[in-house]
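Asker: Okay, handing you the structure first.
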Amino acid sequence: MTGAYPHTRLRRARATAWSRAMHRETVLTPADLIWPVFVTEGEGVEQPISSLPGVSRWSVDLLVERAREAADLGIPCLALFPDTQPERRSDDGAEALNPDNLMCRALRAIRTELGDRIGLLTDVALDPYTNHGQDGLLGEDGYVLNDETIEVLVGQSLNQARAGADIIAPSDMMDGRIGAIRDALEDEGFVNVQIMSYAAKYASAFYGPFRDAVNTRGLLKGDKKTYQMDPANTEEALREVELDLAEGADSVMVKPGLPYLDIVRRVKETFEVPVFAYQVSGEYAMIEAAVAAGAADRDAMVLETLLAFKRAGCSGVLTYHAVHAARLLQK
Ligand code: PBG
């Protein structure tokens with residue numbers, strides 16, 4: 001009988017390092033990494049974020065240097081998030097439309113220094129700009145209004161594109177926003193500005209440290225369950241992805257990451273489009289907490305989790321460990 005022990009021994013291929021390398025099905029490279037960074041006001045400012053040990057907010061001047069290091073390491077793209085000053089936050093998030101807001105200044109500064117050496121992805125949602133921490137405009141009863149919010153998101157997207165964003169990444173989960181943003185980008189001639197939609201974004205308990213990083217945790221009342229997805233759902237994720245693709249998304253994102261790899265796999269197999277995942281702040285914090293407790297080896301855990309995203313079907317991963325991982329991969 002062939003195909004069975006002892007003729008077949010799967011351990012044969014695992015016996016040496018060269019053979020394991022030869023049989024490896026998935027590879028992770030720095031080009032798979034998108035690095036989320038937080039920008040704050042001032043000059044020469046670095047503010048560590050206590051719930052994200054090892055991650056800081058940087059003023060624009062320091063962020064430019066970090067961007068240069070990332071590009072040198074082969075990281076292809078940054079995802080920028082602004083820590084908007086409290087006095088610039090409002091009910092309607094109007095600061096998102098200001099051509100001189102922190103996000104736009106950071107985009108212009110990095111572009112001026114680095115040209116096209118690194119891609120610049122910008123988050124579209126109003127939470128860094130509202131004084132209530134929700135991603136959209138509030139109706140009288142506190143419900144986040146869909147169509148009214150889209151109008152502001154379109155303006156926010158154009159504002160970012162004019163400042164040099166390469167990839168617009170709507171993370172707000174309003175219905176219909178991808179089509180509206182695509183139309184506006186086409187109308188203004190931004191035909192090569194991509195849209196990576198946060199298509200399947202879940203109402204997750206893993207976003208806590210991020211809300212510290214952009215200082216919205218204290219502001220947010222209630223939750224985001226009327227627009228972000230129920231963690232129980234898969235079919236709905238496929239519908240979200242289908243609609244965003246039909247509306248013109250170039251690529252789609254699943255968020256959070258590791259707890260949702262089944263969604264990544266379903267999306268990849270169903271649509272065969274570029275799928276990205278976001279290893280979010282709470283996932284980063286879990287790894288760092290395990291390392292601090294002496295329960296895990298950071299390097300091994302970082303590389304294993306990132307490889308798992310690739311294995312599940314991701315084209316790339318947004319991760320706060322991007323620089324660390326890229327350094328490990330260069331060794
Ligand atoms: C905002 C946004 C969030 C994250 C990315 N964009 C938070 C939220 O939806 O409340 C979370 C990222 C992370 O936790 O690392 N729309």
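Residue numbers start at 1 in each chain; chains themselves are named A, B, ... in the order of the structure tokens; ligands are numbered from 1 in the order shown.
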Sorted by chain and rising residue number, which residues of chain A lie within 6 Å of ligand 1, and what are their closest atom pairs and distances in Å to one decimal, counting only C-alpha atoms and all ligand atoms, as a Markdown table?
Answerer:
```
| residue | atom | partner | partner_atom_place_in_ligand_line | distance |
| --- | --- | --- | --- | --- |
| A:Ala125 | CA | ligand 1 | 16 (N) | 5.1 |
| A:Asp127 | CA | ligand 1 | 1 (C) | 5.9 |
| A:Asp135 | CA | ligand 1 | 16 (N) | 5.7 |
| A:Ser171 | CA | ligand 1 | 16 (N) | 4.8 |
| A:Asp172 | CA | ligand 1 | 16 (N) | 5.2 |
| A:Phe206 | CA | ligand 1 | 14 (O) | 5.9 |
| A:Tyr207 | CA | ligand 1 | 14 (O) | 3.4 |
| A:Phe210 | CA | ligand 1 | 14 (O) | 4.5 |
| A:Val280 | CA | ligand 1 | 15 (O) | 3.5 |
| A:Ser281 | CA | ligand 1 | 15 (O) | 3.5 |
```
Asker: How would the residues just picked look written out with N, CA and C atoms as an mmCIF file, in the first residue's frame?
Answerer:
```
data_model
loop_
_atom_site.group_PDB
_atom_site.id
_atom_site.type_symbol
_atom_site.label_atom_id
_atom_site.label_comp_id
_atom_site.auth_asym_id
_atom_site.auth_seq_id
_atom_site.Cartn_x
_atom_site.Cartn_y
_atom_site.Cartn_z
ATOM 1 N N ALA A 125 -12.822 58.492 8.876
ATOM 2 C CA ALA A 125 -13.844 58.323 9.907
ATOM 3 C C ALA A 125 -13.708 59.571 10.766
ATOM 4 N N ASP A 127 -13.987 59.916 14.115
ATOM 5 C CA ASP A 127 -13.706 59.804 15.562
ATOM 6 C C ASP A 127 -12.498 60.597 16.067
ATOM 7 N N ASP A 135 -17.776 57.760 15.095
ATOM 8 C CA ASP A 135 -17.159 57.906 13.771
ATOM 9 C C ASP A 135 -17.968 58.780 12.814
ATOM 10 N N SER A 171 -12.881 53.717 7.558
ATOM 11 C CA SER A 171 -13.025 52.778 8.672
ATOM 12 C C SER A 171 -14.326 53.014 9.434
ATOM 13 N N ASP A 172 -15.227 53.786 8.841
ATOM 14 C CA ASP A 172 -16.415 54.282 9.552
ATOM 15 C C ASP A 172 -17.609 53.338 9.497
ATOM 16 N N PHE A 206 -11.221 44.834 21.177
ATOM 17 C CA PHE A 206 -9.765 44.907 20.992
ATOM 18 C C PHE A 206 -9.259 46.291 20.574
ATOM 19 N N TYR A 207 -10.135 47.305 20.568
ATOM 20 C CA TYR A 207 -9.706 48.633 20.111
ATOM 21 C C TYR A 207 -9.325 49.587 21.250
ATOM 22 N N PHE A 210 -6.023 51.731 21.159
ATOM 23 C CA PHE A 210 -6.064 52.703 20.057
ATOM 24 C C PHE A 210 -6.829 53.955 20.485
ATOM 25 N N VAL A 280 -4.923 44.585 15.509
ATOM 26 C CA VAL A 280 -5.264 45.855 16.155
ATOM 27 C C VAL A 280 -4.560 46.026 17.497
ATOM 28 N N SER A 281 -4.826 47.197 18.087
ATOM 29 C CA SER A 281 -4.109 47.601 19.294
ATOM 30 C C SER A 281 -4.232 46.586 20.426
#
```
Asker: Where does DSSP see alpha helix (DSSP H) in range 25-131 of chain A, if you list the residues as a ChimeraX atom specification?
Answerer: /A:60-72,102-114
Asker: Run DSSP on the backbone and give me the residues of range 114-202 of chain A it puts in strand (DSSP E or B), as a list in words.
Answerer: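 Put together, the selection reads Gly119, Leu120, Leu121, Thr122, Asp123, Val124, Thr130, Leu138, Val144, Ile167, Ile168, Ala169, Pro170, Gln194, Ile195, Met196, Ser197, Tyr198, Ala199, Ala200, Lys201 and Tyr202 of chain A.
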Asker: Take the residues from that selection and put them in a file with N, CA and C atoms, as a JSON list (two decimals), in the first residue's frame.
Answerer:
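result-v3.json written:
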```json
[["chain", "number", "residue", "atom", "x", "y", "z"],
["A", 119, "GLY", "N", 4.30, 54.46, 0.79],
["A", 119, "GLY", "CA", 2.89, 54.78, 0.56],
["A", 119, "GLY", "C", 2.26, 55.37, 1.82],
["A", 120, "LEU", "N", 1.25, 56.21, 1.62],
["A", 120, "LEU", "CA", 0.59, 56.87, 2.75],
["A", 120, "LEU", "C", -0.89, 56.55, 2.72],
["A", 121, "LEU", "N", -1.31, 55.79, 3.71],
["A", 121, "LEU", "CA", -2.71, 55.38, 3.84],
["A", 121, "LEU", "C", -3.34, 56.22, 4.93],
["A", 122, "THR", "N", -4.55, 56.74, 4.65],
["A", 122, "THR", "CA", -5.22, 57.58, 5.65],
["A", 122, "THR", "C", -6.57, 56.99, 6.03],
["A", 123, "ASP", "N", -6.83, 57.03, 7.32],
["A", 123, "ASP", "CA", -8.09, 56.53, 7.86],
["A", 123, "ASP", "C", -9.18, 57.58, 7.63],
["A", 124, "VAL", "N", -10.31, 57.13, 7.12],
["A", 124, "VAL", "CA", -11.45, 58.04, 6.96],
["A", 124, "VAL", "C", -12.53, 57.61, 7.95],
["A", 130, "THR", "N", -14.25, 64.29, 16.44],
["A", 130, "THR", "CA", -15.49, 64.62, 17.14],
["A", 130, "THR", "C", -15.26, 64.69, 18.64],
["A", 138, "LEU", "N", -24.02, 62.71, 14.92],
["A", 138, "LEU", "CA", -25.07, 62.16, 15.79],
["A", 138, "LEU", "C", -26.42, 62.79, 15.48],
["A", 144, "VAL", "N", -25.98, 57.36, 15.08],
["A", 144, "VAL", "CA", -25.03, 57.90, 14.10],
["A", 144, "VAL", "C", -25.69, 57.91, 12.72],
["A", 167, "ILE", "N", -3.67, 56.06, -0.41],
["A", 167, "ILE", "CA", -4.74, 55.08, -0.19],
["A", 167, "ILE", "C", -5.70, 55.67, 0.84],
["A", 168, "ILE", "N", -6.95, 55.78, 0.44],
["A", 168, "ILE", "CA", -8.00, 56.25, 1.34],
["A", 168, "ILE", "C", -8.62, 55.00, 1.98],
["A", 169, "ALA", "N", -8.64, 54.97, 3.30],
["A", 169, "ALA", "CA", -9.12, 53.78, 4.00],
["A", 169, "ALA", "C", -10.27, 54.12, 4.94],
["A", 170, "PRO", "N", -11.50, 54.03, 4.40],
["A", 170, "PRO", "CA", -12.66, 54.37, 5.23],
["A", 170, "PRO", "C", -12.90, 53.30, 6.31],
["A", 194, "GLN", "N", -6.05, 55.06, -4.41],
["A", 194, "GLN", "CA", -6.74, 53.80, -4.12],
["A", 194, "GLN", "C", -7.72, 53.94, -2.96],
["A", 195, "ILE", "N", -8.65, 53.01, -2.91],
["A", 195, "ILE", "CA", -9.50, 52.88, -1.71],
["A", 195, "ILE", "C", -9.31, 51.48, -1.15],
["A", 196, "MET", "N", -8.86, 51.42, 0.11],
["A", 196, "MET", "CA", -8.84, 50.16, 0.85],
["A", 196, "MET", "C", -9.94, 50.28, 1.90],
["A", 197, "SER", "N", -11.04, 49.57, 1.68],
["A", 197, "SER", "CA", -12.14, 49.75, 2.62],
["A", 197, "SER", "C", -11.99, 48.81, 3.81],
["A", 198, "TYR", "N", -12.24, 49.38, 4.98],
["A", 198, "TYR", "CA", -12.41, 48.54, 6.15],
["A", 198, "TYR", "C", -13.80, 47.92, 5.94],
["A", 199, "ALA", "N", -13.84, 46.85, 5.16],
["A", 199, "ALA", "CA", -15.13, 46.31, 4.73],
["A", 199, "ALA", "C", -15.80, 45.52, 5.85],
["A", 200, "ALA", "N", -15.02, 44.65, 6.47],
["A", 200, "ALA", "CA", -15.56, 43.84, 7.58],
["A", 200, "ALA", "C", -14.88, 44.29, 8.85],
["A", 201, "LYS", "N", -15.46, 45.32, 9.43],
["A", 201, "LYS", "CA", -14.92, 45.85, 10.69],
["A", 201, "LYS", "C", -15.92, 45.56, 11.79],
["A", 202, "TYR", "N", -15.44, 44.86, 12.79],
["A", 202, "TYR", "CA", -16.32, 44.38, 13.85],
["A", 202, "TYR", "C", -16.32, 45.33, 15.05]]
```
Asker: Which of these, A:Val273, A:Ala213, A:Ala79, A:Ala106, has the shortest distance to Glu242 in chain A once you count only C-alpha atoms?
Answerer: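 Smallest separation from Glu242 in chain A among the options: A:Val273.
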Asker: So which residues touch range 45-52 of chain A within 9 Å, counting only C-alpha atoms, skipping near sequence neighbours fewer than 3 positions away, as a ChimeraX atom specification?
Answerer: /A:40-42,55-62,208-210,212-213,281-282,284-285,288
Asker: Keeping C-alpha atoms for every residue in the selection just given, could you write it to a file as a PDB file, in the first residue's frame?
Answerer:
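Result file follows (selection.pdb):
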```
ATOM      1  CA  THR A  40       0.590  64.689  17.513  1.00  0.00           C
ATOM      2  CA  GLU A  41       1.222  68.464  17.621  1.00  0.00           C
ATOM      3  CA  GLY A  42       4.527  70.140  18.425  1.00  0.00           C
ATOM      4  CA  VAL A  55       4.330  52.701  20.712  1.00  0.00           C
ATOM      5  CA  SER A  56       4.449  56.512  20.816  1.00  0.00           C
ATOM      6  CA  ARG A  57       2.731  59.492  19.296  1.00  0.00           C
ATOM      7  CA  TRP A  58       5.236  61.593  17.356  1.00  0.00           C
ATOM      8  CA  SER A  59       5.197  65.167  16.180  1.00  0.00           C
ATOM      9  CA  VAL A  60       5.429  65.593  12.426  1.00  0.00           C
ATOM     10  CA  ASP A  61       9.198  66.221  12.384  1.00  0.00           C
ATOM     11  CA  LEU A  62       9.970  63.001  14.274  1.00  0.00           C
ATOM     12  CA  GLY A 208      -9.191  50.010  23.638  1.00  0.00           C
ATOM     13  CA  PRO A 209      -5.507  51.022  23.440  1.00  0.00           C
ATOM     14  CA  PHE A 210      -6.064  52.703  20.057  1.00  0.00           C
ATOM     15  CA  ASP A 212      -6.078  55.921  24.232  1.00  0.00           C
ATOM     16  CA  ALA A 213      -3.622  56.658  21.428  1.00  0.00           C
ATOM     17  CA  SER A 281      -4.109  47.601  19.294  1.00  0.00           C
ATOM     18  CA  GLY A 282      -5.601  45.079  21.710  1.00  0.00           C
ATOM     19  CA  TYR A 284      -0.531  44.100  20.118  1.00  0.00           C
ATOM     20  CA  ALA A 285      -1.149  44.787  23.803  1.00  0.00           C
ATOM     21  CA  GLU A 288       3.320  42.723  24.895  1.00  0.00           C
TER      22      GLU A 288
END
```
Asker: Can you pull out every residue within 12 Å of Thr270 in chain A, counting only C-alpha atoms, but drop anything in the same chain fewer than 2 positions away, and send it as a ChimeraX atom specification?
Answerer: /A:235,237-239,241-242,263-268,272-275,313
Asker: Taking into account only C-alpha atoms, which residue in the set A:Arg211, A:Ile75, A:Leu63, A:Thr16 is nearest to Pro30 in chain A?
Answerer: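 That would be A:Ile75, the residue with the smallest distance to Pro30 in chain A.
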Asker: With only C-alpha atoms as the atoms that count, which of A:Ala94, A:Cys104, A:Leu114, A:Cys77 lies nearest to Leu137 in chain A?
Answerer: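 Residue with the minimum atom-to-atom distance to Leu137 in chain A: A:Ala94.
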